[in-house]
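Enquirer: My structure is stored as upload.txt, with compact mmCIF, C-alpha atoms and all ligand atoms.
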```txt
# COMPACT_ATOMS: atom_id res chain seq x y z
CA MET A 109 34.80 10.82 1.42
CA SER A 110 35.16 13.54 -1.19
CA ALA A 111 32.65 16.36 -1.61
CA ALA A 112 31.59 14.77 -4.89
CA ASP A 113 30.23 11.81 -2.92
CA ARG A 114 27.83 13.95 -0.92
CA PHE A 115 24.43 14.39 -2.51
CA VAL A 116 21.38 16.43 -1.69
CA VAL A 117 18.08 15.14 -3.04
CA VAL A 118 14.97 17.29 -2.77
CA GLY A 119 11.70 15.36 -2.62
CA ALA A 120 11.26 12.11 -0.69
CA GLY A 121 8.48 10.75 -2.89
CA LEU A 122 8.81 7.55 -4.86
CA GLY A 123 11.66 8.70 -7.06
CA GLY A 124 13.62 10.59 -4.40
CA SER A 125 13.62 7.82 -1.82
CA LEU A 126 14.58 5.20 -4.39
CA LEU A 127 17.34 7.39 -5.82
CA ALA A 128 18.69 8.15 -2.34
CA THR A 129 18.90 4.42 -1.59
CA ARG A 130 20.71 3.68 -4.83
CA LEU A 131 23.19 6.50 -4.21
CA ALA A 132 23.78 5.27 -0.65
CA GLU A 133 24.41 1.76 -1.93
CA SER A 134 27.00 3.06 -4.35
CA GLY A 135 28.97 4.62 -1.47
CA ARG A 136 27.51 8.13 -1.39
CA THR A 137 25.99 9.98 1.53
CA VAL A 138 22.67 11.67 0.92
CA ASP A 139 20.68 14.41 2.61
CA LEU A 140 17.07 13.95 1.53
CA TYR A 141 14.77 16.96 2.05
CA GLU A 142 10.99 16.62 2.00
CA MET A 143 8.57 19.47 2.58
CA ARG A 144 5.84 17.21 3.90
CA ALA A 145 5.81 15.47 7.26
CA ASP A 146 7.05 11.91 7.54
CA PRO A 147 4.13 9.75 6.27
CA ARG A 148 5.27 6.93 8.57
CA ARG A 149 4.52 9.06 11.63
CA GLY A 150 0.75 9.14 11.16
CA ASP A 151 0.55 12.40 9.25
CA THR A 152 -2.12 12.31 6.55
CA ALA A 153 -1.16 15.42 4.60
CA GLY A 154 0.71 13.37 2.01
CA GLY A 155 -2.20 11.04 1.41
CA GLY A 156 -1.51 8.63 4.23
CA PRO A 157 -4.13 6.49 5.97
CA GLY A 158 -7.27 8.56 6.11
CA GLY A 159 -5.81 10.99 3.56
CA ARG A 160 -6.45 10.93 -0.16
CA SER A 161 -4.28 8.61 -2.17
CA ILE A 162 -5.06 6.65 -5.28
CA ASN A 163 -3.31 3.40 -6.03
CA LEU A 164 -0.41 3.30 -8.37
CA ALA A 165 -0.12 0.83 -11.25
CA ILE A 166 3.41 -0.56 -11.39
CA SER A 167 4.72 -2.20 -14.54
CA THR A 168 7.57 -4.69 -14.88
CA ARG A 169 9.95 -1.79 -15.36
CA GLY A 170 8.92 -0.34 -12.00
CA LEU A 171 9.30 -3.72 -10.32
CA HIS A 172 12.81 -4.07 -11.71
CA ALA A 173 13.77 -0.79 -10.05
CA LEU A 174 12.31 -1.97 -6.75
CA GLU A 175 14.09 -5.32 -7.04
CA ARG A 176 17.37 -3.45 -7.31
CA VAL A 177 16.89 -2.25 -3.72
CA GLY A 178 15.52 -5.58 -2.48
CA LEU A 179 11.88 -4.52 -2.35
CA GLY A 180 10.50 -6.59 -5.23
CA GLU A 181 9.05 -9.35 -3.09
CA ALA A 182 7.59 -6.98 -0.49
CA VAL A 183 5.88 -4.90 -3.16
CA ARG A 184 4.54 -7.96 -4.98
CA GLY A 185 3.10 -8.99 -1.62
CA MET A 186 1.16 -5.75 -1.26
CA ALA A 187 0.06 -5.58 -4.91
CA VAL A 188 -3.19 -6.53 -6.59
CA PRO A 189 -2.62 -7.80 -10.15
CA MET A 190 -4.58 -5.95 -12.85
CA ARG A 191 -4.92 -7.98 -16.04
CA GLY A 192 -6.57 -5.37 -18.22
CA ARG A 193 -9.46 -2.99 -18.60
CA MET A 194 -13.10 -3.54 -19.45
CA LEU A 195 -14.72 -1.37 -22.11
CA HIS A 196 -18.46 -0.86 -21.63
CA ALA A 197 -20.31 0.04 -24.87
CA ARG A 198 -23.62 1.93 -24.79
CA SER A 199 -25.25 -1.26 -26.06
CA GLY A 200 -24.18 -3.01 -22.88
CA ARG A 201 -21.57 -5.06 -24.68
CA ARG A 202 -18.40 -5.52 -22.69
CA THR A 203 -14.94 -5.95 -24.20
CA PHE A 204 -11.92 -6.95 -22.13
CA LEU A 205 -8.57 -5.48 -23.20
CA ARG A 206 -5.51 -7.12 -21.74
CA TYR A 207 -2.63 -4.90 -20.60
CA GLY A 208 -0.12 -7.46 -21.87
CA ASN A 209 0.18 -9.94 -24.71
CA THR A 210 -0.13 -12.93 -22.41
CA ALA A 211 -2.15 -13.62 -19.28
CA ASP A 212 0.89 -13.33 -17.01
CA GLN A 213 1.74 -9.81 -18.23
CA VAL A 214 -0.08 -7.65 -15.69
CA LEU A 215 0.15 -4.30 -13.96
CA HIS A 216 0.51 -4.30 -10.18
CA SER A 217 -1.79 -2.02 -8.23
CA VAL A 218 -0.23 -0.82 -4.96
CA SER A 219 -1.04 1.79 -2.39
CA ARG A 220 1.13 4.80 -3.16
CA ASP A 221 1.36 5.58 0.54
CA GLU A 222 2.42 2.06 1.48
CA LEU A 223 5.02 2.04 -1.28
CA ASN A 224 6.39 5.41 -0.18
CA ARG A 225 6.69 4.18 3.41
CA ALA A 226 8.53 1.04 2.29
CA LEU A 227 10.93 3.12 0.20
CA LEU A 228 11.59 5.54 3.07
CA ASP A 229 12.27 2.66 5.46
CA ARG A 230 14.63 1.21 2.90
CA ALA A 231 16.46 4.52 2.44
CA GLU A 232 16.85 4.83 6.20
CA ARG A 233 18.12 1.26 6.54
CA SER A 234 20.94 2.03 4.13
CA GLY A 235 22.53 4.01 6.97
CA GLU A 236 23.78 6.68 4.57
CA VAL A 237 20.59 8.66 3.98
CA ARG A 238 19.67 11.45 6.36
CA LEU A 239 15.99 12.28 6.10
CA HIS A 240 14.80 15.84 6.75
CA PHE A 241 11.02 16.09 6.81
CA GLY A 242 9.06 19.33 7.00
CA ARG A 243 11.89 21.10 5.15
CA ARG A 244 11.09 22.87 1.90
CA CYS A 245 13.74 23.78 -0.63
CA THR A 246 13.24 27.49 -1.29
CA GLY A 247 16.25 28.32 -3.41
CA VAL A 248 19.12 26.83 -5.36
CA ASP A 249 22.38 28.47 -6.29
CA LEU A 250 23.53 26.26 -9.12
CA ASP A 251 26.90 27.94 -9.58
CA GLY A 252 27.73 28.23 -5.89
CA GLY A 253 26.64 24.69 -4.96
CA ARG A 254 24.21 25.94 -2.31
CA LEU A 255 20.66 25.07 -1.53
CA THR A 256 18.38 26.90 0.87
CA VAL A 257 15.88 24.95 2.94
CA ALA A 258 13.32 26.30 5.36
CA ALA A 259 10.66 24.93 7.66
CA ALA A 260 7.67 24.05 5.48
CA ALA A 261 5.10 24.90 8.16
CA PRO A 262 4.94 27.03 11.31
CA PRO A 263 6.61 27.37 13.72
CA ALA A 264 9.11 28.74 11.24
CA ALA A 265 12.71 27.95 12.00
CA PRO A 266 15.45 30.03 10.41
CA SER A 267 16.33 28.83 6.96
CA GLU A 268 19.58 26.98 6.57
CA GLU A 269 21.96 26.22 3.77
CA ALA A 270 23.04 22.85 2.50
CA ARG A 271 26.26 22.81 0.53
CA THR A 272 27.02 20.15 -2.00
CA PRO A 273 28.37 19.97 -5.51
CA THR A 274 25.57 17.59 -6.48
CA ARG A 275 21.89 18.35 -6.07
CA VAL A 276 18.93 16.50 -7.50
CA GLY A 277 15.41 17.94 -7.63
CA GLN A 278 13.14 14.89 -7.53
CA ASP A 279 9.57 15.97 -8.14
C1 LIG B 301 -3.20 11.27 -10.51
C2 LIG B 301 -1.91 10.54 -10.82
C3 LIG B 301 -1.93 9.17 -11.07
C4 LIG B 301 -0.75 8.49 -11.36
N1 LIG B 301 -0.80 7.15 -11.58
C5 LIG B 301 0.34 6.48 -11.86
C6 LIG B 301 0.31 5.07 -12.05
O1 LIG B 301 -0.72 4.42 -11.95
N2 LIG B 301 1.50 4.43 -12.32
C7 LIG B 301 2.67 5.11 -12.41
O2 LIG B 301 3.73 4.50 -12.66
N3 LIG B 301 2.72 6.45 -12.22
C8 LIG B 301 1.59 7.14 -11.95
N4 LIG B 301 1.64 8.49 -11.76
C9 LIG B 301 2.94 9.13 -11.86
C10 LIG B 301 3.69 8.96 -10.54
O3 LIG B 301 2.93 9.53 -9.50
C11 LIG B 301 4.99 9.68 -10.65
O4 LIG B 301 5.72 9.16 -11.73
C12 LIG B 301 5.83 9.51 -9.38
O5 LIG B 301 5.12 9.85 -8.22
C13 LIG B 301 7.00 10.41 -9.54
O6 LIG B 301 7.78 10.28 -8.39
P1 LIG B 301 8.55 11.54 -7.86
O7 LIG B 301 9.33 11.06 -6.66
O8 LIG B 301 9.29 12.20 -8.97
O9 LIG B 301 7.40 12.57 -7.46
P2 LIG B 301 6.44 12.51 -6.19
O10 LIG B 301 6.10 11.10 -5.84
O11 LIG B 301 5.33 13.47 -6.50
O12 LIG B 301 7.33 13.10 -5.01
C14 LIG B 301 7.83 14.42 -5.04
C15 LIG B 301 8.07 14.85 -3.61
O13 LIG B 301 8.77 16.09 -3.63
C16 LIG B 301 8.28 16.89 -2.56
N5 LIG B 301 8.60 18.27 -2.89
C17 LIG B 301 8.17 19.00 -3.95
N6 LIG B 301 8.71 20.23 -3.93
C18 LIG B 301 9.55 20.29 -2.85
C19 LIG B 301 10.39 21.32 -2.28
N7 LIG B 301 10.50 22.54 -2.83
N8 LIG B 301 11.08 21.03 -1.15
C20 LIG B 301 10.98 19.79 -0.56
N9 LIG B 301 10.18 18.80 -1.05
C21 LIG B 301 9.48 19.04 -2.18
C22 LIG B 301 6.78 16.59 -2.57
O14 LIG B 301 6.19 16.90 -1.32
C23 LIG B 301 6.76 15.08 -2.85
O15 LIG B 301 6.76 14.30 -1.67
C24 LIG B 301 0.49 9.19 -11.43
C25 LIG B 301 0.50 10.57 -11.17
C26 LIG B 301 -0.68 11.24 -10.85
C27 LIG B 301 -0.61 12.73 -10.57
```
I'd like the structure from this file rewritten - as structure tokens, please.
Expert:
Amino acid sequence: MSAADRFVVVGAGLGGSLLATRLAESGRTVDLYEMRADPRRGDTAGGGPGGRSINLAISTRGLHALERVGLGEAVRGMAVPMRGRMLHARSGRRTFLRYGNTADQVLHSVSRDELNRALLDRAERSGEVRLHFGRRCTGVDLDGGRLTVAAAAPPAAPSEEARTPTRVGQD
């Protein structure tokens, strides 16, 4: 594998974990750095169970991206369809505004945390994504192809360097 096929992605949120999976599926290896702890290990700092996390409204475009990595059905299964919004006038009159033109055009409300966990599992299953949690990117040398990562929380480990021609900041 050439150096050009090795990627570093910083940020294992929704975009980073999806991107890492897509890169892995196109034959690349990916090191994915995330400053927070792994949300699948019971940590609530990222808005996990017991933490603060609002639901996310996914449109058809978002579902298409998830279908590309085989998660469409799973995400539909965890989603609550939202058909539109209700406007409440001072008079008490209520007006329903559909999100789509037809009744089947809806937004899908999903738990951000649950979605993030599913995407991380998927990235891991690809076999070509190495996940590094609790590692914060603290510097990037764009010309030299170097990235510095350090422990995000005590106990502080020495910072290390990741070398790659291709880096993606995903936040
Ligand atoms: C209040 C709110 C409501 C929203 N509602 C919706 C909605 O309903 N529907 C919708 O489609 N979108 C919504 N969005 C937008 C949606 O959250 C973003 O589009 C999506 O999360 C972007 O994904 P991301 O991976 O780029 O960023 P994030 O999901 O934010 O992930 C970024 C990750 O990078 C990590 N990170 C950051 N800096 C570093 C560093 N230096 N080193 C290592 N890791 C780092 C962070 O810890 C985080 O995990 C909402 C956003 C907000 C703020």
Enquirer: Report as an MDAnalysis selection string all protein, DNA and RNA residues lying within 9 Å of Gly242 in chain A, evaluated on only C-alpha atoms, omitting residues in the same chain fewer than 5 positions from it.
Expert: chainID A and resid 141:146 258:261
Enquirer: If we count all atoms listed in the file, what is near Ser219 in chain A at a cut-off of 7 Å, once residues fewer than 3 positions away on the same chain are taken out, given as a list in words?
Expert: Ile162, Asn163, Leu164, Glu222 and Leu223 of chain A
Enquirer: Please find the residues contacting ligand LIG 301 (chain B) at a distance of at most 6 Å between atoms, with all atoms listed in the file counted, and report them as a PyMOL selection string.
Expert: chain A and resi 118-124+141-144+164-166+243-246+278-279
Enquirer: Would you mind exporting C-alpha atoms of the selected residues as a PDB file, in the frame of the given file?
Expert:
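What follows is the written file selection_6.pdb:
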```pdb
ATOM      1  CA  VAL A 118      14.970  17.290  -2.770  1.00  0.00           C
ATOM      2  CA  GLY A 119      11.700  15.360  -2.620  1.00  0.00           C
ATOM      3  CA  ALA A 120      11.260  12.110  -0.690  1.00  0.00           C
ATOM      4  CA  GLY A 121       8.480  10.750  -2.890  1.00  0.00           C
ATOM      5  CA  LEU A 122       8.810   7.550  -4.860  1.00  0.00           C
ATOM      6  CA  GLY A 123      11.660   8.700  -7.060  1.00  0.00           C
ATOM      7  CA  GLY A 124      13.620  10.590  -4.400  1.00  0.00           C
ATOM      8  CA  TYR A 141      14.770  16.960   2.050  1.00  0.00           C
ATOM      9  CA  GLU A 142      10.990  16.620   2.000  1.00  0.00           C
ATOM     10  CA  MET A 143       8.570  19.470   2.580  1.00  0.00           C
ATOM     11  CA  ARG A 144       5.840  17.210   3.900  1.00  0.00           C
ATOM     12  CA  LEU A 164      -0.410   3.300  -8.370  1.00  0.00           C
ATOM     13  CA  ALA A 165      -0.120   0.830 -11.250  1.00  0.00           C
ATOM     14  CA  ILE A 166       3.410  -0.560 -11.390  1.00  0.00           C
ATOM     15  CA  ARG A 243      11.890  21.100   5.150  1.00  0.00           C
ATOM     16  CA  ARG A 244      11.090  22.870   1.900  1.00  0.00           C
ATOM     17  CA  CYS A 245      13.740  23.780  -0.630  1.00  0.00           C
ATOM     18  CA  THR A 246      13.240  27.490  -1.290  1.00  0.00           C
ATOM     19  CA  GLN A 278      13.140  14.890  -7.530  1.00  0.00           C
ATOM     20  CA  ASP A 279       9.570  15.970  -8.140  1.00  0.00           C
TER      21      ASP A 279
END
```
Enquirer: With only C-alpha atoms as the basis for distance, which of A:Ala182, A:Ser167, A:Leu228, A:Arg176 is at the shortest distance from His240 in chain A?
Expert: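 The shortest atom-to-atom distance to His240 in chain A comes from A:Leu228.
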Enquirer: Go through A:Leu239, A:Leu174, A:Val188, A:Val276 one by one, measure the shortest atom-to-atom distance of each to Leu255 in chain A using all atoms listed in the file, and give the residue with the smallest value.
Expert: A:Val276
Enquirer: Distance cut-off 7 Å, centre (-12.5, -4.9, -25.0) in file coordinates, counting all atoms listed in the file: which residues qualify? Return them as a list of chain:residue names.
Expert: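 Here the neighbourhood of the point contains A:Met194, A:Leu195, A:Arg202, A:Thr203, A:Phe204, A:Leu205.
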Enquirer: Pick the closest to Thr129 in chain A from A:Val117, A:Met109, A:Val237, A:Ala226: which is it, counting only C-alpha atoms?
Expert: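 The answer is A:Val237, which sits nearest to Thr129 in chain A.
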